[in-house]
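Colleague: What follows is target.cif, made up of mmCIF, N, CA and C atoms:
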data_coords
loop_
_atom_site.label_atom_id
_atom_site.label_comp_id
_atom_site.auth_asym_id
_atom_site.auth_seq_id
_atom_site.Cartn_x
_atom_site.Cartn_y
_atom_site.Cartn_z
N MET V 1 40.30 42.12 -8.24
CA MET V 1 40.84 40.78 -8.20
C MET V 1 39.99 39.92 -7.27
N VAL V 2 39.75 38.71 -7.68
CA VAL V 2 38.91 37.80 -6.91
C VAL V 2 39.78 37.07 -5.90
N ASN V 3 39.37 37.09 -4.64
CA ASN V 3 40.16 36.41 -3.62
C ASN V 3 39.64 34.98 -3.42
N PHE V 4 40.36 34.24 -2.60
CA PHE V 4 40.08 32.82 -2.40
C PHE V 4 38.73 32.60 -1.72
N SER V 5 38.38 33.44 -0.76
CA SER V 5 37.13 33.24 -0.03
C SER V 5 35.91 33.44 -0.92
N SER V 6 35.95 34.41 -1.82
CA SER V 6 34.81 34.60 -2.72
C SER V 6 34.71 33.47 -3.74
N MET V 7 35.85 32.89 -4.12
CA MET V 7 35.80 31.74 -5.02
C MET V 7 35.19 30.54 -4.30
N MET V 8 35.52 30.35 -3.02
CA MET V 8 34.97 29.22 -2.27
C MET V 8 33.49 29.42 -1.98
N MET V 9 33.04 30.68 -1.88
CA MET V 9 31.63 30.94 -1.67
C MET V 9 30.80 30.57 -2.89
N ILE V 10 31.43 30.47 -4.03
CA ILE V 10 30.75 30.04 -5.25
C ILE V 10 30.96 28.56 -5.47
N PHE V 11 32.16 28.04 -5.20
CA PHE V 11 32.50 26.66 -5.50
C PHE V 11 31.76 25.67 -4.60
N ILE V 12 31.70 25.93 -3.31
CA ILE V 12 31.09 24.98 -2.37
C ILE V 12 29.59 24.80 -2.64
N PRO V 13 28.81 25.87 -2.86
CA PRO V 13 27.40 25.62 -3.19
C PRO V 13 27.20 24.90 -4.52
N MET V 14 28.07 25.14 -5.48
CA MET V 14 27.96 24.42 -6.75
C MET V 14 28.21 22.93 -6.55
N VAL V 15 29.17 22.59 -5.70
CA VAL V 15 29.42 21.18 -5.38
C VAL V 15 28.21 20.59 -4.65
N MET V 16 27.60 21.37 -3.76
CA MET V 16 26.41 20.88 -3.05
C MET V 16 25.26 20.62 -4.03
N ILE V 17 25.06 21.51 -4.98
CA ILE V 17 23.99 21.33 -5.97
C ILE V 17 24.28 20.10 -6.82
N PHE V 18 25.54 19.93 -7.25
CA PHE V 18 25.90 18.77 -8.05
C PHE V 18 25.72 17.47 -7.27
N CYS V 19 26.13 17.45 -6.00
CA CYS V 19 25.97 16.24 -5.18
C CYS V 19 24.49 15.93 -4.95
N GLY V 20 23.67 16.96 -4.78
CA GLY V 20 22.24 16.74 -4.64
C GLY V 20 21.63 16.16 -5.91
N MET V 21 22.06 16.66 -7.06
CA MET V 21 21.57 16.10 -8.34
C MET V 21 22.02 14.66 -8.51
N TRP V 22 23.27 14.40 -8.17
CA TRP V 22 23.79 13.04 -8.29
C TRP V 22 23.04 12.09 -7.37
N GLY V 23 22.77 12.51 -6.14
CA GLY V 23 22.02 11.69 -5.21
C GLY V 23 20.59 11.48 -5.67
N PHE V 24 19.98 12.51 -6.27
CA PHE V 24 18.61 12.39 -6.75
C PHE V 24 18.52 11.42 -7.93
N ILE V 25 19.54 11.43 -8.78
CA ILE V 25 19.53 10.56 -9.96
C ILE V 25 19.88 9.13 -9.60
N THR V 26 20.86 8.92 -8.74
CA THR V 26 21.34 7.56 -8.48
C THR V 26 20.61 6.84 -7.36
N TYR V 27 20.26 7.54 -6.28
CA TYR V 27 19.64 6.89 -5.14
C TYR V 27 18.14 7.19 -5.12
N ASN V 28 17.42 6.72 -6.10
CA ASN V 28 16.01 7.01 -6.20
C ASN V 28 15.14 5.79 -5.87
N LYS V 29 15.63 4.89 -5.04
CA LYS V 29 14.85 3.73 -4.68
C LYS V 29 13.76 4.10 -3.67
N HIS V 30 14.08 4.93 -2.71
CA HIS V 30 13.13 5.34 -1.68
C HIS V 30 12.75 6.81 -1.88
N MET V 31 11.53 7.12 -1.52
CA MET V 31 11.05 8.48 -1.66
C MET V 31 11.77 9.42 -0.70
N LEU V 32 12.13 8.94 0.49
CA LEU V 32 12.82 9.78 1.46
C LEU V 32 14.20 10.20 0.94
N ASN V 33 14.90 9.31 0.26
CA ASN V 33 16.20 9.67 -0.32
C ASN V 33 16.05 10.77 -1.36
N SER V 34 15.02 10.66 -2.18
CA SER V 34 14.79 11.68 -3.20
C SER V 34 14.46 13.02 -2.57
N LEU V 35 13.65 13.02 -1.52
CA LEU V 35 13.30 14.28 -0.86
C LEU V 35 14.52 14.91 -0.18
N LEU V 36 15.36 14.09 0.43
CA LEU V 36 16.57 14.63 1.05
C LEU V 36 17.53 15.21 0.02
N SER V 37 17.63 14.58 -1.14
CA SER V 37 18.48 15.10 -2.21
C SER V 37 17.95 16.44 -2.72
N LEU V 38 16.62 16.54 -2.85
CA LEU V 38 16.04 17.81 -3.28
C LEU V 38 16.28 18.92 -2.27
N GLU V 39 16.16 18.59 -0.99
CA GLU V 39 16.41 19.60 0.04
C GLU V 39 17.89 20.01 0.07
N PHE V 40 18.79 19.07 -0.19
CA PHE V 40 20.22 19.40 -0.24
C PHE V 40 20.51 20.34 -1.41
N MET V 41 19.85 20.10 -2.54
CA MET V 41 20.01 21.01 -3.68
C MET V 41 19.46 22.39 -3.36
N MET V 42 18.31 22.45 -2.68
CA MET V 42 17.74 23.73 -2.31
C MET V 42 18.64 24.49 -1.34
N LEU V 43 19.28 23.76 -0.43
CA LEU V 43 20.21 24.40 0.50
C LEU V 43 21.41 24.97 -0.25
N GLY V 44 21.91 24.25 -1.24
CA GLY V 44 23.02 24.75 -2.05
C GLY V 44 22.63 25.98 -2.85
N VAL V 45 21.42 25.98 -3.42
CA VAL V 45 20.95 27.14 -4.17
C VAL V 45 20.77 28.33 -3.24
N PHE V 46 20.25 28.07 -2.03
CA PHE V 46 20.08 29.16 -1.07
C PHE V 46 21.42 29.75 -0.66
N TRP V 47 22.40 28.89 -0.42
CA TRP V 47 23.73 29.36 -0.03
C TRP V 47 24.37 30.18 -1.16
N LEU V 48 24.25 29.68 -2.38
CA LEU V 48 24.80 30.38 -3.53
C LEU V 48 24.12 31.74 -3.72
N MET V 49 22.81 31.74 -3.60
CA MET V 49 22.08 32.99 -3.79
C MET V 49 22.39 33.99 -2.67
N SER V 50 22.49 33.50 -1.44
CA SER V 50 22.81 34.40 -0.33
C SER V 50 24.21 34.98 -0.46
N SER V 51 25.17 34.15 -0.86
CA SER V 51 26.54 34.65 -1.00
C SER V 51 26.64 35.65 -2.15
N GLN V 52 25.94 35.39 -3.25
CA GLN V 52 25.99 36.32 -4.37
C GLN V 52 25.31 37.64 -4.03
N LEU V 53 24.18 37.58 -3.32
CA LEU V 53 23.51 38.82 -2.94
C LEU V 53 24.34 39.60 -1.93
N THR V 54 25.09 38.90 -1.08
CA THR V 54 25.96 39.58 -0.13
C THR V 54 27.13 40.25 -0.84
N LEU V 55 27.71 39.57 -1.83
CA LEU V 55 28.83 40.16 -2.57
C LEU V 55 28.40 41.37 -3.39
N VAL V 56 27.19 41.33 -3.92
CA VAL V 56 26.70 42.44 -4.72
C VAL V 56 26.28 43.60 -3.83
N GLY V 57 25.86 43.28 -2.62
CA GLY V 57 25.39 44.31 -1.70
C GLY V 57 23.91 44.57 -1.84
N SER V 58 23.21 43.65 -2.42
CA SER V 58 21.77 43.80 -2.63
C SER V 58 21.02 43.43 -1.35
N GLU V 59 19.71 43.61 -1.40
CA GLU V 59 18.89 43.28 -0.25
C GLU V 59 18.82 41.77 -0.08
N ILE V 60 18.72 41.33 1.16
CA ILE V 60 18.72 39.92 1.48
C ILE V 60 17.30 39.37 1.58
N TYR V 61 16.28 40.22 1.39
CA TYR V 61 14.90 39.78 1.55
C TYR V 61 14.50 38.73 0.53
N PHE V 62 15.07 38.78 -0.66
CA PHE V 62 14.75 37.79 -1.67
C PHE V 62 15.19 36.40 -1.24
N SER V 63 16.34 36.30 -0.59
CA SER V 63 16.80 34.99 -0.12
C SER V 63 15.93 34.48 1.03
N LEU V 64 15.41 35.37 1.86
CA LEU V 64 14.47 34.94 2.90
C LEU V 64 13.17 34.44 2.30
N PHE V 65 12.71 35.07 1.24
CA PHE V 65 11.53 34.59 0.53
C PHE V 65 11.79 33.20 -0.07
N PHE V 66 12.97 33.01 -0.64
CA PHE V 66 13.34 31.71 -1.20
C PHE V 66 13.41 30.65 -0.10
N LEU V 67 13.95 31.00 1.05
CA LEU V 67 14.03 30.06 2.17
C LEU V 67 12.64 29.69 2.66
N THR V 68 11.72 30.62 2.67
CA THR V 68 10.34 30.33 3.04
C THR V 68 9.71 29.34 2.06
N LEU V 69 9.92 29.56 0.77
CA LEU V 69 9.38 28.63 -0.23
C LEU V 69 10.03 27.26 -0.11
N ALA V 70 11.31 27.19 0.21
CA ALA V 70 11.98 25.90 0.38
C ALA V 70 11.43 25.16 1.60
N ALA V 71 11.11 25.89 2.67
CA ALA V 71 10.52 25.25 3.85
C ALA V 71 9.13 24.72 3.54
N CYS V 72 8.36 25.47 2.76
CA CYS V 72 7.03 24.99 2.36
C CYS V 72 7.15 23.76 1.47
N GLU V 73 8.13 23.75 0.60
CA GLU V 73 8.36 22.58 -0.27
C GLU V 73 8.74 21.36 0.55
N GLY V 74 9.55 21.55 1.57
CA GLY V 74 9.91 20.44 2.46
C GLY V 74 8.73 19.91 3.23
N ALA V 75 7.87 20.81 3.70
CA ALA V 75 6.68 20.38 4.43
C ALA V 75 5.72 19.61 3.52
N LEU V 76 5.55 20.06 2.29
CA LEU V 76 4.70 19.33 1.34
C LEU V 76 5.28 17.97 1.00
N GLY V 77 6.60 17.90 0.87
CA GLY V 77 7.24 16.62 0.59
C GLY V 77 7.06 15.63 1.72
N LEU V 78 7.21 16.10 2.96
CA LEU V 78 6.99 15.20 4.10
C LEU V 78 5.54 14.78 4.21
N THR V 79 4.62 15.66 3.87
CA THR V 79 3.20 15.29 3.87
C THR V 79 2.92 14.22 2.84
N MET V 80 3.50 14.37 1.64
CA MET V 80 3.33 13.33 0.62
C MET V 80 3.94 12.01 1.08
N LEU V 81 5.10 12.07 1.74
CA LEU V 81 5.74 10.86 2.23
C LEU V 81 4.86 10.15 3.25
N ILE V 82 4.27 10.90 4.17
CA ILE V 82 3.40 10.30 5.18
C ILE V 82 2.17 9.68 4.53
N LEU V 83 1.57 10.37 3.56
CA LEU V 83 0.40 9.82 2.88
C LEU V 83 0.73 8.55 2.11
N VAL V 84 1.89 8.53 1.47
CA VAL V 84 2.29 7.34 0.70
C VAL V 84 2.57 6.17 1.63
N VAL V 85 3.24 6.41 2.75
CA VAL V 85 3.54 5.33 3.69
C VAL V 85 2.26 4.80 4.32
N ARG V 86 1.30 5.67 4.61
CA ARG V 86 0.04 5.20 5.17
C ARG V 86 -0.78 4.41 4.17
N SER V 87 -0.75 4.79 2.91
CA SER V 87 -1.57 4.09 1.92
C SER V 87 -0.89 2.84 1.37
N HIS V 88 0.42 2.85 1.17
CA HIS V 88 1.12 1.72 0.56
C HIS V 88 1.93 0.89 1.56
N GLY V 89 2.25 1.43 2.71
CA GLY V 89 3.00 0.68 3.71
C GLY V 89 4.50 0.92 3.67
N ASN V 90 5.01 1.46 2.60
CA ASN V 90 6.45 1.77 2.51
C ASN V 90 6.64 2.91 1.51
N ASP V 91 7.90 3.33 1.35
CA ASP V 91 8.18 4.44 0.43
C ASP V 91 9.05 4.02 -0.74
N VAL V 92 9.05 2.74 -1.06
CA VAL V 92 9.85 2.23 -2.18
C VAL V 92 9.09 2.53 -3.47
N PHE V 93 9.76 3.18 -4.42
CA PHE V 93 9.11 3.58 -5.66
C PHE V 93 8.66 2.39 -6.50
N SER V 94 9.36 1.27 -6.42
CA SER V 94 9.00 0.14 -7.26
C SER V 94 7.71 -0.54 -6.80
N SER V 95 7.26 -0.28 -5.57
CA SER V 95 6.01 -0.90 -5.09
C SER V 95 4.79 -0.07 -5.40
N PHE V 96 4.97 1.12 -6.01
CA PHE V 96 3.82 1.97 -6.33
C PHE V 96 3.16 1.47 -7.60
N ASN V 97 1.87 1.47 -7.61
CA ASN V 97 1.11 1.15 -8.80
C ASN V 97 0.22 2.36 -9.09
N LEU V 98 0.38 2.97 -10.25
CA LEU V 98 -0.36 4.19 -10.56
C LEU V 98 -1.84 3.92 -10.80
N LEU V 99 -2.20 2.70 -11.16
CA LEU V 99 -3.60 2.37 -11.41
C LEU V 99 -4.37 2.09 -10.13
N GLU V 100 -3.65 1.85 -9.05
CA GLU V 100 -4.29 1.52 -7.78
C GLU V 100 -4.31 2.75 -6.89
N CYS V 101 -5.43 3.05 -6.29
CA CYS V 101 -5.54 4.24 -5.43
C CYS V 101 -5.31 3.89 -3.99
#
Can you turn what I pasted into structure tokens?
Modeller:
Amino acid sequence: MVNFSSMMMIFIPMVMIFCGMWGFITYNKHMLNSLLSLEFMMLGVFWLMSSQLTLVGSEIYFSLFFLTLAACEGALGLTMLILVVRSHGNDVFSSFNLLEC
């Protein structure tokens, strides 16, 4: 029988992933908002994966590998943000011109 705590360990990360998707789709005016929404989704996926691996009793090393990749993704996103702000002056998507370098 499934207890309440195991149901919440699945429900809360799913809500986090959905809220991250909603934020990514609706608040896409600034690049920083999009990056924060992506990181929130990654945190939800990490939480869901960690809770499922804990319930199954499997090794936790895969979730640590996933967390390492998420940290690298965050660092690359911040690097892109810094490069865009230095070249264009702001992070508003509507001010980007793909033909201009």
Colleague: If you apply the PyMOL selection byres ((chain V and resi 43-49) around 8) to this file, what residues do you get, as a list in words?
Modeller: Met9, Ile10, Phe11, Ile12, Pro13, Met14, Val15, Met16, Ile17, Phe18, Ser37, Leu38, Glu39, Phe40, Met41, Met42, Ser50, Ser51, Gln52, Leu53, Thr54, Leu55, Phe62, Ser63, Phe66, Leu67 and Ala70 of chain V
Colleague: Tell me, in Å to one decimal, how far CA of Trp22 in chain V is from CA of Leu35 in chain V.
Modeller: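 Interatomic distance, CA of Trp22 in chain V to CA of Leu35 in chain V: 12.9 Å.
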Colleague: Quick one: everything within 6 Å of Lys29 in chain V, counting all atoms listed in the file, minus sequence neighbours fewer than 6 positions away in the same chain. Send it as a PyMOL selection string.
Modeller: chain V and resi 91-94
Colleague: So how far away is CA of Met8 in chain V from CA of Ile25 in chain V, in Å?
Modeller: 25.4 Å
Colleague: Calculate how many Å separate atom N of Asn3 in chain V from CA of Ser58 in chain V, rounding to one decimal.
Modeller: 18.9 Å
